[in-house]
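Chemist: Supplied in structure tokens, the structure appears directly below.
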Amino acid sequence: MMILSLFSSPSGDISPSREDLEKPLLISPSTAHPFLKLTDYFQAAQAFLFNDHRDSFLDALRDGNGSCPQEKNIRKVTIRSEKQGPICHVASVEVEGESLCGKFSLISAVTATGRKALEREFQTLTHLNRKCPLAGLPKVYFKGTMKLTSGAEEEDLSFFLGEWFEGYHEWHLSRDRDGNPYLCIWDLQDGHRAASEKEFTEIFRQASRTLTLLYDPETSYRVHPWHHAAGDFVIGNQEGEPRVRLTTARGYEPLLTLPGQCAENSLANLLFFFLDMGLRMRLDRLDGVGEAVWIGGGILLSVMQGFFEGLKTVIDEGYFKKTVAWDFLDLLKSFSPSELIAAFEPLLEIYRRGAQDEMRIIMERLPGHVKGLCSIREKFPLSNPVSAS
């Protein structure tokens, strides 16, 4: 069995030299680990898969191939470093062999904060995959921690193995040569390209539908945090149609929960969820890592459509009464523009604790955002299949 260690790049795979492998392992995009090297990471990843969790890894391969593979049938394994985030690292693991193939995500963290976040993410994905399989979250298979040593120094490196969304791509707001903004799909096979009008629409419709499917009406729990800048939503193609999926769920907690579970408070909590989701859909960072940017265009109609599509499914599953879609739209229409801006105030208190450049954009854009929301709500067609019947 051949095991390759590679780095992913827009121009193709990069095979690291010996000198590259002796470079420090990154904790974050700009912070190096004090003593661990890249070679330590790749060796630990290999040991995690084929020593500590060999049987579990073969079971994960069986999940994708429908048969019981054996290690002797594996010809090649490629561990490809894909992306270093603020606290976690993402790699892909590609397996080729006799009558089998598979590709997985391998998430790792080396700091105490990162390991805690990784554990939370694993548990959240496990819970939500059981609770809401229709949301299409990635499967997770197993997790573990390796103890790495270098002389007298030692460090824990945690991993978990999950499903890889093959053929899906990140996207971010970018600017053309004239400075005009556009949505750029990071297609690593055919090259970066501008999203079509349909892709633009589907990104925000399907993302909103997914988040609404994952909303819990009884507890007001929702997926949090998520951010377009982190590449949390990716886009692919399924039988000629755009397909959008959420790559992870780092946490699951209430946004603003009013006391009691009466119908009025349940509807108010749903309103806060909708307002928060619609506003966050607007936020990205230029090319994924630059300045905070506001996504314009016809997002709000797509968000509204996705929200009510997800809500319809939640209603059908018995979590809401049949009339809640109509009740919600009536509530939304009952607010004047100034009252709707005031309804954002509890959310603004939350945003103020976040990135200040994003907060400035929110405050600048909120009046226009609310104006657009008021325009769409008046003519939104609430009929079958999203109805009270």
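Ordering of the structure tokens sets the chain letters (A, B, ...); residue numbers start at 1 within each chain; ligands are numbered from 1 in the order shown.
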Near Glu358 in chain A, counting only C-alpha atoms, which residues have an atom at most 8 Å away, once you skip same-chain residues fewer than 6 positions from it, shown as JSON, numbers by chain?
Modeler: {"A": [283, 292, 293]}
Chemist: What lies within 9 Å of range 320-335 of chain A using only C-alpha atoms, ignoring chain neighbours under 2 positions off, as a list of chain:residue names?
Modeler: A:Pro217, A:Glu218, A:Leu267, A:Ala268, A:Leu270, A:Leu271, A:Phe308, A:Leu311, A:Lys312, A:Val314, A:Ile315, A:Asp316, A:Glu317, A:Gly318, A:Pro337, A:Ser338, A:Glu339, A:Leu340, A:Ala343, A:Cys374, A:Arg377, A:Glu378, A:Phe380, A:Leu382, A:Val386, A:Ser387, A:Ala388, A:Ser389
Chemist: Near Arg205 in chain A, within 10 Å and counting only C-alpha atoms, which residues show up once chain neighbours fewer than 6 positions away are dropped, as JSON, numbers by chain?
Modeler: {"A": [199, 244, 299, 300, 301, 302, 303, 304, 305, 306, 307, 308, 309, 310]}
Chemist: I need the residues from that last selection saved to file as a compact mmCIF listing (two decimals), in the first residue's frame (with C-alpha atoms), if you can.
Modeler:
```txt
# COMPACT_ATOMS: atom_id res chain seq x y z
CA GLU A 199 -26.35 29.23 -8.85
CA VAL A 244 -25.83 23.27 -1.84
CA ILE A 299 -30.77 37.33 -1.72
CA LEU A 300 -33.81 38.08 0.40
CA LEU A 301 -36.34 36.42 -1.88
CA SER A 302 -34.15 33.29 -1.98
CA VAL A 303 -33.82 33.35 1.82
CA MET A 304 -37.59 33.70 2.21
CA GLN A 305 -38.25 30.83 -0.19
CA GLY A 306 -35.75 28.55 1.51
CA PHE A 307 -37.08 29.43 4.95
CA PHE A 308 -40.67 28.55 4.09
CA GLU A 309 -39.63 25.36 2.27
CA GLY A 310 -37.76 24.21 5.37
```
Chemist: Extract, using only C-alpha atoms, all DNA, RNA and protein residues at most 6 Å from range 195-198 of chain A, discarding same-chain residues fewer than 3 positions from it, and format them as an MDAnalysis selection string.
Modeler: chainID A and resid 183:185 201
Chemist: Quick one, how far is CA of Met363 in chain A from CA of Gly179 in chain A?
Modeler: 22.9 Å
Chemist: So which residues of range 181-310 of chain A fall under helix (DSSP H, G or I) by DSSP, listed as an NGL selection string?
Modeler: :A and (197-213 or 228-230 or 263-280 or 286-288 or 299-310)
Chemist: What are the DSSP strand (DSSP E or B) residues of range 234-326 of chain A, as a list in words?
Modeler: Val234, Ile235, Gly236, Asn237, Gln238, Glu241, Pro242, Arg243, Val244, Arg245, Leu246, Tyr252, Glu253, Pro254, Leu283, Asp284, Arg285, Ala292, Val293 and Trp294 of chain A
Chemist: Keeping only N, CA and C atoms, write those residues as a PDB file, in the first residue's frame.
Modeler:
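Contents of out.pdb, freshly written:
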```pdb
ATOM      1  N   VAL A 234     -21.193  24.874   0.625  1.00  0.00           N
ATOM      2  CA  VAL A 234     -20.496  24.604  -0.631  1.00  0.00           C
ATOM      3  C   VAL A 234     -21.531  24.270  -1.698  1.00  0.00           C
ATOM      4  N   ILE A 235     -21.140  24.435  -2.957  1.00  0.00           N
ATOM      5  CA  ILE A 235     -22.059  24.196  -4.061  1.00  0.00           C
ATOM      6  C   ILE A 235     -21.472  23.173  -5.029  1.00  0.00           C
ATOM      7  N   GLY A 236     -22.321  22.267  -5.486  1.00  0.00           N
ATOM      8  CA  GLY A 236     -21.933  21.269  -6.464  1.00  0.00           C
ATOM      9  C   GLY A 236     -23.007  21.142  -7.524  1.00  0.00           C
ATOM     10  N   ASN A 237     -22.960  20.052  -8.257  1.00  0.00           N
ATOM     11  CA  ASN A 237     -23.899  19.828  -9.341  1.00  0.00           C
ATOM     12  C   ASN A 237     -24.429  18.407  -9.240  1.00  0.00           C
ATOM     13  N   GLN A 238     -25.747  18.281  -9.278  1.00  0.00           N
ATOM     14  CA  GLN A 238     -26.358  16.958  -9.198  1.00  0.00           C
ATOM     15  C   GLN A 238     -27.369  16.833 -10.330  1.00  0.00           C
ATOM     16  N   GLU A 241     -28.294  20.096 -11.895  1.00  0.00           N
ATOM     17  CA  GLU A 241     -28.893  21.116 -11.046  1.00  0.00           C
ATOM     18  C   GLU A 241     -27.950  21.469  -9.893  1.00  0.00           C
ATOM     19  N   PRO A 242     -27.880  22.761  -9.503  1.00  0.00           N
ATOM     20  CA  PRO A 242     -27.036  23.148  -8.369  1.00  0.00           C
ATOM     21  C   PRO A 242     -27.509  22.478  -7.085  1.00  0.00           C
ATOM     22  N   ARG A 243     -26.559  22.016  -6.286  1.00  0.00           N
ATOM     23  CA  ARG A 243     -26.866  21.416  -4.993  1.00  0.00           C
ATOM     24  C   ARG A 243     -25.958  22.063  -3.952  1.00  0.00           C
ATOM     25  N   VAL A 244     -26.556  22.564  -2.899  1.00  0.00           N
ATOM     26  CA  VAL A 244     -25.828  23.268  -1.844  1.00  0.00           C
ATOM     27  C   VAL A 244     -25.882  22.441  -0.573  1.00  0.00           C
ATOM     28  N   ARG A 245     -24.732  22.304   0.098  1.00  0.00           N
ATOM     29  CA  ARG A 245     -24.696  21.530   1.332  1.00  0.00           C
ATOM     30  C   ARG A 245     -23.909  22.270   2.404  1.00  0.00           C
ATOM     31  N   LEU A 246     -24.303  22.020   3.628  1.00  0.00           N
ATOM     32  CA  LEU A 246     -23.612  22.567   4.795  1.00  0.00           C
ATOM     33  C   LEU A 246     -22.542  21.574   5.213  1.00  0.00           C
ATOM     34  N   TYR A 252     -24.712  23.878  18.537  1.00  0.00           N
ATOM     35  CA  TYR A 252     -26.175  23.852  18.451  1.00  0.00           C
ATOM     36  C   TYR A 252     -26.700  24.434  19.749  1.00  0.00           C
ATOM     37  N   GLU A 253     -27.273  25.621  19.668  1.00  0.00           N
ATOM     38  CA  GLU A 253     -27.683  26.334  20.873  1.00  0.00           C
ATOM     39  C   GLU A 253     -28.759  27.348  20.517  1.00  0.00           C
ATOM     40  N   PRO A 254     -29.504  27.847  21.516  1.00  0.00           N
ATOM     41  CA  PRO A 254     -30.553  28.829  21.221  1.00  0.00           C
ATOM     42  C   PRO A 254     -29.962  30.188  20.877  1.00  0.00           C
ATOM     43  N   LEU A 283     -23.318  38.314   4.841  1.00  0.00           N
ATOM     44  CA  LEU A 283     -21.951  38.601   5.276  1.00  0.00           C
ATOM     45  C   LEU A 283     -20.951  37.595   4.727  1.00  0.00           C
ATOM     46  N   ASP A 284     -19.863  38.099   4.214  1.00  0.00           N
ATOM     47  CA  ASP A 284     -18.748  37.273   3.754  1.00  0.00           C
ATOM     48  C   ASP A 284     -17.478  38.073   3.978  1.00  0.00           C
ATOM     49  N   ARG A 285     -16.351  37.501   3.609  1.00  0.00           N
ATOM     50  CA  ARG A 285     -15.095  38.246   3.556  1.00  0.00           C
ATOM     51  C   ARG A 285     -14.558  38.161   2.137  1.00  0.00           C
ATOM     52  N   ALA A 292     -14.368  42.478   5.535  1.00  0.00           N
ATOM     53  CA  ALA A 292     -15.772  42.105   5.621  1.00  0.00           C
ATOM     54  C   ALA A 292     -16.537  42.765   4.479  1.00  0.00           C
ATOM     55  N   VAL A 293     -17.423  41.991   3.838  1.00  0.00           N
ATOM     56  CA  VAL A 293     -18.177  42.497   2.692  1.00  0.00           C
ATOM     57  C   VAL A 293     -19.640  42.096   2.832  1.00  0.00           C
ATOM     58  N   TRP A 294     -20.482  42.877   2.167  1.00  0.00           N
ATOM     59  CA  TRP A 294     -21.937  42.690   2.171  1.00  0.00           C
ATOM     60  C   TRP A 294     -22.351  42.151   0.813  1.00  0.00           C
TER      61      TRP A 294
END
```
Chemist: Give me the residues within 9 Å of range 226-231 of chain A as a JSON list (two decimals) with N, CA and C atoms, in the first residue's frame, counting only C-alpha atoms and dropping any in the same chain fewer than 3 places off.
Modeler:
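New file out.json:
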```json
[["chain", "number", "residue", "atom", "x", "y", "z"],
["A", 85, "GLY", "N", -7.66, 26.32, 9.16],
["A", 85, "GLY", "CA", -8.57, 27.32, 9.70],
["A", 85, "GLY", "C", -8.00, 27.98, 10.94],
["A", 169, "HIS", "N", -17.74, 22.86, -4.09],
["A", 169, "HIS", "CA", -16.74, 23.93, -4.08],
["A", 169, "HIS", "C", -17.14, 25.06, -3.14],
["A", 170, "GLU", "N", -16.13, 25.65, -2.54],
["A", 170, "GLU", "CA", -16.35, 26.90, -1.80],
["A", 170, "GLU", "C", -16.72, 28.01, -2.78],
["A", 171, "TRP", "N", -17.26, 29.06, -2.26],
["A", 171, "TRP", "CA", -17.54, 30.26, -3.05],
["A", 171, "TRP", "C", -17.38, 31.46, -2.13],
["A", 172, "HIS", "N", -17.02, 32.58, -2.71],
["A", 172, "HIS", "CA", -16.88, 33.81, -1.93],
["A", 172, "HIS", "C", -17.12, 35.03, -2.81],
["A", 223, "VAL", "N", -28.19, 25.84, 14.40],
["A", 223, "VAL", "CA", -26.76, 25.67, 14.14],
["A", 223, "VAL", "C", -26.06, 27.02, 14.32],
["A", 234, "VAL", "N", -21.19, 24.87, 0.62],
["A", 234, "VAL", "CA", -20.50, 24.60, -0.63],
["A", 234, "VAL", "C", -21.53, 24.27, -1.70],
["A", 246, "LEU", "N", -24.30, 22.02, 3.63],
["A", 246, "LEU", "CA", -23.61, 22.57, 4.79],
["A", 246, "LEU", "C", -22.54, 21.57, 5.21],
["A", 247, "THR", "N", -21.29, 22.03, 5.27],
["A", 247, "THR", "CA", -20.17, 21.11, 5.49],
["A", 247, "THR", "C", -19.97, 20.73, 6.94],
["A", 248, "THR", "N", -20.54, 21.49, 7.86],
["A", 248, "THR", "CA", -20.29, 21.19, 9.27],
["A", 248, "THR", "C", -21.34, 21.85, 10.14],
["A", 249, "ALA", "N", -21.33, 21.50, 11.42],
["A", 249, "ALA", "CA", -22.15, 22.15, 12.43],
["A", 249, "ALA", "C", -21.30, 22.21, 13.70],
["A", 250, "ARG", "N", -20.75, 23.38, 13.97],
["A", 250, "ARG", "CA", -19.79, 23.50, 15.08],
["A", 250, "ARG", "C", -20.46, 23.58, 16.44],
["A", 251, "GLY", "N", -21.75, 23.90, 16.44],
["A", 251, "GLY", "CA", -22.46, 24.00, 17.70],
["A", 251, "GLY", "C", -23.95, 24.06, 17.46],
["A", 280, "ARG", "N", -27.22, 37.29, 8.37],
["A", 280, "ARG", "CA", -25.93, 36.59, 8.27],
["A", 280, "ARG", "C", -25.68, 36.08, 6.85],
["A", 281, "MET", "N", -26.73, 35.81, 6.11],
["A", 281, "MET", "CA", -26.57, 35.38, 4.72],
["A", 281, "MET", "C", -25.87, 36.46, 3.88],
["A", 282, "ARG", "N", -25.96, 37.69, 4.33],
["A", 282, "ARG", "CA", -25.37, 38.81, 3.59],
["A", 282, "ARG", "C", -23.87, 38.96, 3.82],
["A", 283, "LEU", "N", -23.32, 38.31, 4.84],
["A", 283, "LEU", "CA", -21.95, 38.60, 5.28],
["A", 283, "LEU", "C", -20.95, 37.59, 4.73],
["A", 284, "ASP", "N", -19.86, 38.10, 4.21],
["A", 284, "ASP", "CA", -18.75, 37.27, 3.75],
["A", 284, "ASP", "C", -17.48, 38.07, 3.98],
["A", 285, "ARG", "N", -16.35, 37.50, 3.61],
["A", 285, "ARG", "CA", -15.09, 38.25, 3.56],
["A", 285, "ARG", "C", -14.56, 38.16, 2.14],
["A", 286, "LEU", "N", -14.00, 39.24, 1.67],
["A", 286, "LEU", "CA", -13.54, 39.31, 0.30],
["A", 286, "LEU", "C", -12.56, 38.17, 0.02],
["A", 287, "ASP", "N", -12.89, 37.36, -0.97],
["A", 287, "ASP", "CA", -12.09, 36.18, -1.33],
["A", 287, "ASP", "C", -11.89, 35.25, -0.15],
["A", 288, "GLY", "N", -12.81, 35.29, 0.81],
["A", 288, "GLY", "CA", -12.80, 34.37, 1.93],
["A", 288, "GLY", "C", -11.94, 34.76, 3.10],
["A", 289, "VAL", "N", -10.98, 35.67, 2.89],
["A", 289, "VAL", "CA", -10.03, 35.99, 3.96],
["A", 289, "VAL", "C", -9.82, 37.50, 4.15],
["A", 292, "ALA", "N", -14.37, 42.48, 5.53],
["A", 292, "ALA", "CA", -15.77, 42.10, 5.62],
["A", 292, "ALA", "C", -16.54, 42.76, 4.48]]
```
Chemist: Do you know which residues are at most 12 Å from Leu49 in chain A counting only C-alpha atoms, after dropping those on the same chain fewer than 3 positions away, and could you put them as a PyMOL selection string?
Modeler: chain A and resi 3+42-46+52-61+71+77-79+93-95+104-106+141-146+159-161
Chemist: At a cut-off of 9 Å, can you tabulate as a Markdown table every residue of range 205-227 of chain A near range 121-135 of chain A together with its closest atom pair and the distance in Å to one decimal, using only C-alpha atoms and ordering rows by chain then number?
Modeler:
```
| residue | atom | partner | partner_atom | distance |
| --- | --- | --- | --- | --- |
| A:Arg209 | CA | A:Ala135 | CA | 8.4 |
| A:Thr210 | CA | A:Ala135 | CA | 5.4 |
| A:Leu211 | CA | A:Ala135 | CA | 8.0 |
| A:Leu213 | CA | A:Ala135 | CA | 6.2 |
| A:Leu214 | CA | A:Cys132 | CA | 6.6 |
| A:Val223 | CA | A:Thr124 | CA | 8.9 |
```
Chemist: Can those selected residues be exported to a file as a compact mmCIF listing (two decimals), in the first residue's frame so that it contains C-alpha atoms?
Modeler:
```txt
# COMPACT_ATOMS: atom_id res chain seq x y z
CA ARG A 209 -33.76 25.74 3.76
CA THR A 210 -31.02 23.64 5.40
CA LEU A 211 -30.68 25.94 8.41
CA LEU A 213 -34.65 22.21 8.72
CA LEU A 214 -32.10 22.14 11.55
CA VAL A 223 -26.76 25.67 14.14
```
Chemist: Counting only C-alpha atoms, what is within 6 Å of range 24-41 of chain A, bar same-chain residues fewer than 4 positions away, as a list in words?
Modeler: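 In the requested form, the answer reads Gln84, Gly85, Pro86 and Ile87 of chain A.
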